[in-house]
Amino acid sequence: MNTDFLIVGQGLAGSLLAWELIKRNIKVIIIDTGQENASQIAAGLINPITGQRFVKSSGIDYLLPTAKNYYADLGAVFKQSFYIEKIMLRLFNNPNEIESAIKRLSQAEYQDYLAKLNLVSNSLKNISTPFGLIEQRQTGYLLTKQLLTSLKEFFISNQCYQQTTLDYKDIQIKPILKWKDITAKGIIFCEGYHSTDNPWFSWLPFQLVKGEILTLSHSTSLMDNILNFGNWLIPLDTQLFRIGATFDRENLDNIPTEFGKNSLLTSLQSISHPLIKNSCLMGHQANIRPCTLDKQPFIGHHPVHTQLSIFNGFGAKGSLQIPWYCQKFAENLLKNTAIPTDITRYYATHFTT
Ligand SMILES: Cc1cc2nc3c(=O)[nH]c(=O)nc-3n(C[C@H](O)[C@H](O)[C@H](O)COP(=O)(O)OP(=O)(O)OC[C@H]3O[C@@H](n4cnc5c(N)ncnc54)[C@H](O)[C@@H]3O)c2cc1C
């Protein structure tokens, strides 16, 4: 069997890159272990303004419109909404944060993303807001699991999906690139955190971060907004919400822990006693974010075996970044255009033959 590209991994990165190539009439075969991955458990949050100093995420002015259009187009194809736009209420933790937010409100480039300031303490029902809050615009979350399920069904129905674990030893590079009985012009690794085991790309400086998320049911009256209080809370419907996420750089596995659960519940307790009292734990998941040393994605070709490529390193911002970067990488693969955040930046410092 012949294909243009073999894509390893059907997380958000591999799925959207495959979709982008198929749209451009390129033949792909996607392989995946079929196991739960980071994309499926992620909250899918898109939050343009982050940190204690309320800083705009790098590239947000082009990444966000691209992501919103991309998910809207996919929604139209699969006849469901994958991206849920919802106002985020950012709860202030101290007077310094209020000062930073007021400064940003006066800056023209922040007008699209910040809205009403509410410095009245405890103005929300059942949520403690001693320092008040600010409304953030253009925030929302991707229903990643639903999107990946729809895309998997599409790939299966187009006979371009195989559920299996790729063993690197089965790849033949010369005289022609081949995996088992499939010959390909290129193999693109979209393996998330598993790339640290990849013999051709493990030299890239990944900085993996484990994260845990809880899903709870509740019977407390709750506003229909995303809450950001250091951690975040997303109301899924009137009875279910998710909170997350922990950051753990030491224990790099996908096992949910008591420690992770308790730290999220303690954080929730700090803003709402009624919610804690009236909630019941429905789900607890853990996985690993493919973060990188310079917080930029890893996209590009192997320095020696240029038919082998990587599309990875989207860290904690996959939902925002992957739509724009998959378009840019598809252009590179077809027209040899420049790749933003090309891994060539690490050839000299990190690659050894
Ligand atoms: C707790 C948590 C919360 C998060 N919250 C957010 C958030 O709110 N917003 C956001 O944008 N991002 C969030 N993220 C990050 C987000 O999950 C990632 O940016 C994104 O999902 C990475 O997608 P990926 O496709 O690169 O990796 P993955 O989703 O991990 O997919 C990689 C796939 O490759 C497959 N694979 C690997 N090796 C092989 C092999 N040898 N053979 C076959 N298949 C293979 C794996 O099985 C997997 O399916 C969160 C992550 C975590 C863990």
# chains A, B, ... in the order shown; residues from 1 in each chain; ligands from 1

call {"tool": "residues_near_ligand", "arguments": {"ligand": "ligand 1", "cutoff": "6 Å", "atoms": "only C-alpha atoms and all ligand atoms", "output": "number ranges by chain"}}
result
A: 8-14, 31-35, 37-39, 42-46, 164-167, 190-194, 210-213, 245, 286-289, 312, 314-320

call {"tool": "write_last_selection", "arguments": {"atoms": "N, CA and C atoms", "output": "CSV table (one decimal), in the first residue's frame"}}
result
chain,number,residue,atom,x,y,z
A,8,VAL,N,1.6,9.3,13.0
A,8,VAL,CA,1.6,8.5,14.2
A,8,VAL,C,1.0,9.3,15.3
A,9,GLY,N,-0.2,8.9,15.7
A,9,GLY,CA,-0.8,9.6,16.9
A,9,GLY,C,-2.1,10.2,16.4
A,10,GLN,N,-3.2,9.9,17.1
A,10,GLN,CA,-4.5,10.5,16.8
A,10,GLN,C,-5.0,11.3,18.0
A,11,GLY,N,-4.0,12.1,18.6
A,11,GLY,CA,-4.5,13.1,19.5
A,11,GLY,C,-4.9,14.3,18.7
A,12,LEU,N,-5.0,15.5,19.4
A,12,LEU,CA,-5.5,16.7,18.6
A,12,LEU,C,-4.5,17.0,17.5
A,13,ALA,N,-3.2,16.9,17.8
A,13,ALA,CA,-2.2,17.3,16.8
A,13,ALA,C,-2.3,16.4,15.6
A,14,GLY,N,-2.2,15.1,15.7
A,14,GLY,CA,-2.3,14.2,14.6
A,14,GLY,C,-3.6,14.3,13.9
A,31,ILE,N,-2.1,6.2,12.5
A,31,ILE,CA,-2.1,5.0,13.4
A,31,ILE,C,-2.1,5.5,14.8
A,32,ASP,N,-2.8,4.8,15.7
A,32,ASP,CA,-2.8,5.2,17.1
A,32,ASP,C,-3.1,4.0,18.0
A,33,THR,N,-2.6,4.1,19.2
A,33,THR,CA,-2.7,3.0,20.2
A,33,THR,C,-4.2,2.8,20.5
A,34,GLY,N,-5.0,3.8,20.4
A,34,GLY,CA,-6.4,3.7,20.9
A,34,GLY,C,-6.5,3.9,22.4
A,35,GLN,N,-5.4,4.2,23.0
A,35,GLN,CA,-5.5,4.4,24.5
A,35,GLN,C,-5.9,5.9,24.8
A,37,ASN,N,-5.7,9.5,25.7
A,37,ASN,CA,-4.5,10.4,25.5
A,37,ASN,C,-4.7,11.8,26.2
A,38,ALA,N,-3.7,12.6,26.2
A,38,ALA,CA,-3.8,14.0,26.8
A,38,ALA,C,-5.0,14.8,26.2
A,39,SER,N,-5.1,14.7,24.9
A,39,SER,CA,-6.2,15.5,24.2
A,39,SER,C,-7.6,15.1,24.8
A,42,ALA,N,-8.1,16.5,28.3
A,42,ALA,CA,-7.8,18.0,28.5
A,42,ALA,C,-9.1,18.7,28.6
A,43,ALA,N,-9.0,19.9,29.4
A,43,ALA,CA,-10.2,20.7,29.5
A,43,ALA,C,-10.5,21.4,28.2
A,44,GLY,N,-9.5,21.6,27.3
A,44,GLY,CA,-9.7,22.3,26.1
A,44,GLY,C,-9.8,23.8,26.2
A,45,LEU,N,-9.5,24.3,27.3
A,45,LEU,CA,-9.7,25.7,27.6
A,45,LEU,C,-8.9,26.6,26.6
A,46,ILE,N,-9.5,27.7,26.2
A,46,ILE,CA,-8.7,28.7,25.5
A,46,ILE,C,-8.9,30.0,26.3
A,164,THR,N,-3.2,0.5,16.3
A,164,THR,CA,-2.0,-0.3,16.6
A,164,THR,C,-0.9,0.5,17.3
A,165,THR,N,0.0,-0.1,17.9
A,165,THR,CA,1.1,0.6,18.5
A,165,THR,C,2.3,0.5,17.5
A,166,LEU,N,2.8,1.6,17.0
A,166,LEU,CA,3.9,1.6,16.1
A,166,LEU,C,5.2,1.2,16.9
A,167,ASP,N,5.9,0.2,16.4
A,167,ASP,CA,7.2,-0.2,17.0
A,167,ASP,C,8.2,0.5,16.1
A,190,CYS,N,3.3,12.5,15.7
A,190,CYS,CA,2.4,13.4,16.5
A,190,CYS,C,2.1,12.6,17.8
A,191,GLU,N,3.1,12.3,18.6
A,191,GLU,CA,2.9,11.3,19.6
A,191,GLU,C,2.7,11.9,21.0
A,192,GLY,N,2.6,13.2,21.1
A,192,GLY,CA,2.5,13.8,22.4
A,192,GLY,C,3.7,13.5,23.2
A,193,TYR,N,3.5,13.2,24.5
A,193,TYR,CA,4.6,13.0,25.4
A,193,TYR,C,5.4,11.7,25.1
A,194,HIS,N,4.8,10.8,24.3
A,194,HIS,CA,5.6,9.6,24.0
A,194,HIS,C,6.8,9.9,23.1
A,210,LYS,N,2.8,16.6,34.1
A,210,LYS,CA,1.6,15.8,34.4
A,210,LYS,C,0.5,16.7,34.9
A,211,GLY,N,-0.8,16.4,34.5
A,211,GLY,CA,-1.9,17.2,35.0
A,211,GLY,C,-3.0,16.2,35.4
A,212,GLU,N,-3.8,16.6,36.4
A,212,GLU,CA,-5.0,15.9,36.9
A,212,GLU,C,-6.2,16.8,36.8
A,213,ILE,N,-7.3,16.1,36.5
A,213,ILE,CA,-8.6,16.9,36.4
A,213,ILE,C,-9.7,16.1,37.1
A,245,ALA,N,-6.3,22.4,36.7
A,245,ALA,CA,-5.6,21.2,36.6
A,245,ALA,C,-4.3,21.3,37.4
A,286,ALA,N,-5.9,11.7,34.6
A,286,ALA,CA,-4.5,12.3,34.6
A,286,ALA,C,-3.9,12.0,33.3
A,287,ASN,N,-3.0,12.9,32.8
A,287,ASN,CA,-2.2,12.6,31.6
A,287,ASN,C,-1.1,13.6,31.6
A,288,ILE,N,-0.3,13.6,30.5
A,288,ILE,CA,0.9,14.4,30.4
A,288,ILE,C,0.9,15.4,29.3
A,289,ARG,N,1.2,16.7,29.7
A,289,ARG,CA,1.3,17.7,28.6
A,289,ARG,C,2.6,17.7,28.0
A,312,ASN,N,4.5,18.5,17.3
A,312,ASN,CA,4.3,18.2,18.7
A,312,ASN,C,4.7,19.4,19.5
A,314,PHE,N,2.8,21.0,21.9
A,314,PHE,CA,1.8,22.1,22.1
A,314,PHE,C,1.5,22.4,23.6
A,315,GLY,N,2.2,21.7,24.5
A,315,GLY,CA,2.1,22.0,25.9
A,315,GLY,C,0.7,22.1,26.4
A,316,ALA,N,0.4,23.2,27.1
A,316,ALA,CA,-0.9,23.3,27.7
A,316,ALA,C,-1.9,24.1,26.8
A,317,LYS,N,-1.5,24.3,25.5
A,317,LYS,CA,-2.2,25.2,24.7
A,317,LYS,C,-2.6,24.6,23.3
A,318,GLY,N,-2.8,23.3,23.3
A,318,GLY,CA,-3.1,22.6,22.1
A,318,GLY,C,-4.3,23.1,21.4
A,319,SER,N,-5.4,23.4,22.1
A,319,SER,CA,-6.7,23.8,21.5
A,319,SER,C,-6.5,25.1,20.7
A,320,LEU,N,-5.7,26.0,21.3
A,320,LEU,CA,-5.5,27.3,20.7
A,320,LEU,C,-4.5,27.2,19.5

call {"tool": "select_by_dssp", "arguments": {"residues": "segment 114-326 of chain A", "states": "strand (DSSP E or B)", "output": "PyMOL selection string"}}
result
chain A and resi 114-118+133-136+140-142+161-163+171-172+178-179+182-189+206+209-218+226-228+232-235+240-244+248+279-289+292+298-301+308-312

call {"tool": "closest_residue", "arguments": {"among": "A:Leu64, A:Thr50, A:Met1, A:His305", "to": "Phe201 of chain A", "atoms": "only C-alpha atoms"}}
result
A:His305

call {"tool": "residues_around", "arguments": {"residues": "Leu240 of chain A", "least_positions_apart": "6", "cutoff": "7 Å", "atoms": "only C-alpha atoms", "output": "number ranges by chain"}}
result
A: 216-218

call {"tool": "residues_around", "arguments": {"residues": "Trp179 of chain A", "least_positions_apart": "2", "cutoff": "10 Å", "atoms": "only C-alpha atoms", "output": "MDAnalysis selection string"}}
result
chainID A and resid 6 166:173 176:177 181:184 187

call {"tool": "write_last_selection", "arguments": {"atoms": "N, CA and C atoms", "output": "compact mmCIF listing (two decimals), in the first residue's frame"}}
result
# COMPACT_ATOMS: atom_id res chain seq x y z
N LEU A 6 2.39 8.93 6.60
CA LEU A 6 1.93 8.10 7.71
C LEU A 6 1.99 9.00 8.94
N LEU A 166 2.80 1.63 17.04
CA LEU A 166 3.93 1.57 16.12
C LEU A 166 5.19 1.22 16.91
N ASP A 167 5.88 0.19 16.42
CA ASP A 167 7.19 -0.17 16.98
C ASP A 167 8.23 0.46 16.06
N TYR A 168 9.09 1.31 16.63
CA TYR A 168 10.06 2.03 15.80
C TYR A 168 10.91 1.07 14.96
N LYS A 169 11.12 -0.14 15.49
CA LYS A 169 11.98 -1.11 14.77
C LYS A 169 11.36 -1.53 13.44
N ASP A 170 10.04 -1.36 13.30
CA ASP A 170 9.36 -1.76 12.05
C ASP A 170 9.49 -0.71 10.95
N ILE A 171 10.14 0.41 11.25
CA ILE A 171 10.31 1.44 10.21
C ILE A 171 11.61 1.19 9.46
N GLN A 172 11.46 1.14 8.13
CA GLN A 172 12.64 1.01 7.27
C GLN A 172 12.81 2.36 6.57
N ILE A 173 14.01 2.94 6.67
CA ILE A 173 14.20 4.27 6.06
C ILE A 173 14.77 4.15 4.65
N ILE A 176 13.73 2.67 0.56
CA ILE A 176 12.52 3.48 0.54
C ILE A 176 11.89 3.47 1.93
N LEU A 177 11.20 4.55 2.24
CA LEU A 177 10.58 4.66 3.57
C LEU A 177 9.38 3.72 3.63
N ASP A 181 3.75 -3.02 5.57
CA ASP A 181 3.56 -3.09 4.12
C ASP A 181 3.19 -1.73 3.51
N ILE A 182 3.38 -0.66 4.28
CA ILE A 182 2.99 0.67 3.78
C ILE A 182 4.23 1.48 3.39
N THR A 183 4.28 1.92 2.15
CA THR A 183 5.36 2.83 1.76
C THR A 183 4.81 4.25 1.80
N ALA A 184 5.64 5.16 2.28
CA ALA A 184 5.17 6.55 2.46
C ALA A 184 6.25 7.53 2.03
N ILE A 187 6.94 10.18 7.25
CA ILE A 187 6.26 9.77 8.48
C ILE A 187 6.28 10.97 9.43

call {"tool": "closest_atom_pairs", "arguments": {"of": "segment 36-84 of chain A", "to": "segment 149-162 of chain A", "cutoff": "12 Å", "atoms": "only C-alpha atoms", "output": "CSV"}}
result
residue,atom,partner,partner_atom,distance
A:Glu36,CA,A:Thr149,CA,11.6
A:Ser39,CA,A:Thr149,CA,11.2
A:Gln40,CA,A:Thr149,CA,9.2
A:Leu74,CA,A:Leu151,CA,9.3
A:Gly75,CA,A:Ser150,CA,9.9
A:Val77,CA,A:Ser150,CA,9.9
A:Phe78,CA,A:Ser150,CA,7.1
A:Lys79,CA,A:Ser150,CA,10.1
A:Gln80,CA,A:Ser150,CA,9.7
A:Ser81,CA,A:Ser150,CA,11.5
A:Phe82,CA,A:Ser150,CA,10.1

call {"tool": "write_last_selection", "arguments": {"atoms": "C-alpha atoms", "output": "tab-separated table (two decimals), in the first residue's frame"}}
result
chain	number	residue	atom	x	y	z
A	36	GLU	CA	-6.74	7.49	26.40
A	39	SER	CA	-6.17	15.50	24.25
A	40	GLN	CA	-9.14	13.39	25.34
A	74	LEU	CA	-15.43	21.17	11.71
A	75	GLY	CA	-18.69	21.70	13.60
A	77	VAL	CA	-19.05	19.25	8.71
A	78	PHE	CA	-19.92	16.98	11.62
A	79	LYS	CA	-23.14	18.83	12.55
A	80	GLN	CA	-22.25	19.53	16.16
A	81	SER	CA	-20.62	22.31	18.17
A	82	PHE	CA	-17.12	21.47	19.26

call {"tool": "closest_residue", "arguments": {"among": "A:Ile49, A:Ile26, A:Leu124, A:Cys291", "to": "Ser195 of chain A", "atoms": "only C-alpha atoms"}}
result
A:Cys291

call {"tool": "residues_around", "arguments": {"residues": "Thr349 of chain A", "least_positions_apart": "3", "cutoff": "10 Å", "atoms": "only C-alpha atoms", "output": "list in words"}}
result
Trp203, Leu204, Thr344, Arg345, Tyr346 and Thr352 of chain A

call {"tool": "closest_residue", "arguments": {"among": "A:Phe351, A:Ile98, A:Ala330, A:Tyr62", "to": "Val304 of chain A", "atoms": "only C-alpha atoms"}}
result
A:Phe351

call {"tool": "residues_around", "arguments": {"residues": "Pro323 of chain A", "least_positions_apart": "4", "cutoff": "10 Å", "atoms": "only C-alpha atoms", "output": "compact mmCIF listing (two decimals) with N, CA and C atoms, in the first residue's frame"}}
result
# COMPACT_ATOMS: atom_id res chain seq x y z
N LEU A 12 -5.02 15.48 19.38
CA LEU A 12 -5.49 16.67 18.64
C LEU A 12 -4.50 17.05 17.54
N ALA A 13 -3.20 16.90 17.82
CA ALA A 13 -2.18 17.29 16.82
C ALA A 13 -2.29 16.41 15.57
N LEU A 16 -5.81 16.85 13.63
CA LEU A 16 -6.03 18.07 12.83
C LEU A 16 -5.04 18.16 11.68
N LEU A 17 -3.82 17.66 11.88
CA LEU A 17 -2.87 17.67 10.76
C LEU A 17 -3.38 16.74 9.66
N GLU A 20 -6.22 18.40 7.86
CA GLU A 20 -5.72 19.49 7.02
C GLU A 20 -5.12 18.94 5.72
N LEU A 63 -3.79 33.36 16.33
CA LEU A 63 -4.10 31.96 16.70
C LEU A 63 -5.58 31.79 17.02
N LEU A 64 -6.14 32.77 17.75
CA LEU A 64 -7.52 32.60 18.22
C LEU A 64 -8.55 32.64 17.08
N PRO A 65 -8.49 33.66 16.18
CA PRO A 65 -9.47 33.62 15.07
C PRO A 65 -9.34 32.36 14.22
N THR A 66 -8.10 31.90 14.01
CA THR A 66 -7.92 30.68 13.22
C THR A 66 -8.57 29.49 13.93
N ALA A 67 -8.32 29.38 15.25
CA ALA A 67 -8.88 28.25 15.99
C ALA A 67 -10.41 28.30 15.96
N LYS A 68 -10.97 29.47 16.19
CA LYS A 68 -12.46 29.56 16.23
C LYS A 68 -13.06 29.19 14.88
N ASN A 69 -12.45 29.70 13.80
CA ASN A 69 -12.97 29.35 12.46
C ASN A 69 -12.81 27.87 12.18
N TYR A 70 -11.67 27.33 12.59
CA TYR A 70 -11.38 25.92 12.32
C TYR A 70 -12.42 25.03 12.99
N TYR A 71 -12.70 25.31 14.27
CA TYR A 71 -13.65 24.47 15.00
C TYR A 71 -15.08 24.70 14.50
N GLY A 318 -2.81 23.27 23.34
CA GLY A 318 -3.11 22.59 22.09
C GLY A 318 -4.35 23.13 21.38
N SER A 319 -5.41 23.37 22.11
CA SER A 319 -6.66 23.81 21.47
C SER A 319 -6.49 25.13 20.73
N GLN A 327 -2.03 24.25 9.66
CA GLN A 327 -2.09 24.86 8.33
C GLN A 327 -0.68 25.21 7.84
N LYS A 328 0.10 25.81 8.73
CA LYS A 328 1.47 26.22 8.34
C LYS A 328 2.32 24.99 8.00

call {"tool": "closest_residue", "arguments": {"among": "A:Lys125, A:Lys185, A:Lys335, A:Arg53", "to": "Asn94 of chain A", "atoms": "only C-alpha atoms"}}
result
A:Arg53

call {"tool": "residues_around", "arguments": {"residues": "Leu308 of chain A", "least_positions_apart": "5", "cutoff": "9 Å", "atoms": "only C-alpha atoms", "output": "list in words"}}
result
Ile173, Gly186, Ile187, Ile188, Phe189, Trp200, Gly300, His301 and His302 of chain A

call {"tool": "write_last_selection", "arguments": {"atoms": "C-alpha atoms", "output": "compact mmCIF listing (two decimals), in the first residue's frame"}}
result
# COMPACT_ATOMS: atom_id res chain seq x y z
CA ILE A 173 14.20 4.27 6.06
CA GLY A 186 7.05 10.82 4.93
CA ILE A 187 6.26 9.77 8.48
CA ILE A 188 5.02 12.48 10.85
CA PHE A 189 5.24 11.78 14.55
CA TRP A 200 14.78 10.15 16.03
CA GLY A 300 9.94 20.20 11.45
CA HIS A 301 12.09 17.56 9.90
CA HIS A 302 14.82 15.30 11.20

call {"tool": "atom_distance", "arguments": {"atom1": "atom CA of Glu109 of chain A", "atom2": "atom CA of Pro235 of chain A"}}
result
28.9 Å

call {"tool": "atom_distance", "arguments": {"atom1": "atom CA of Thr220 of chain A", "atom2": "atom CA of Leu264 of chain A"}}
result
18.1 Å
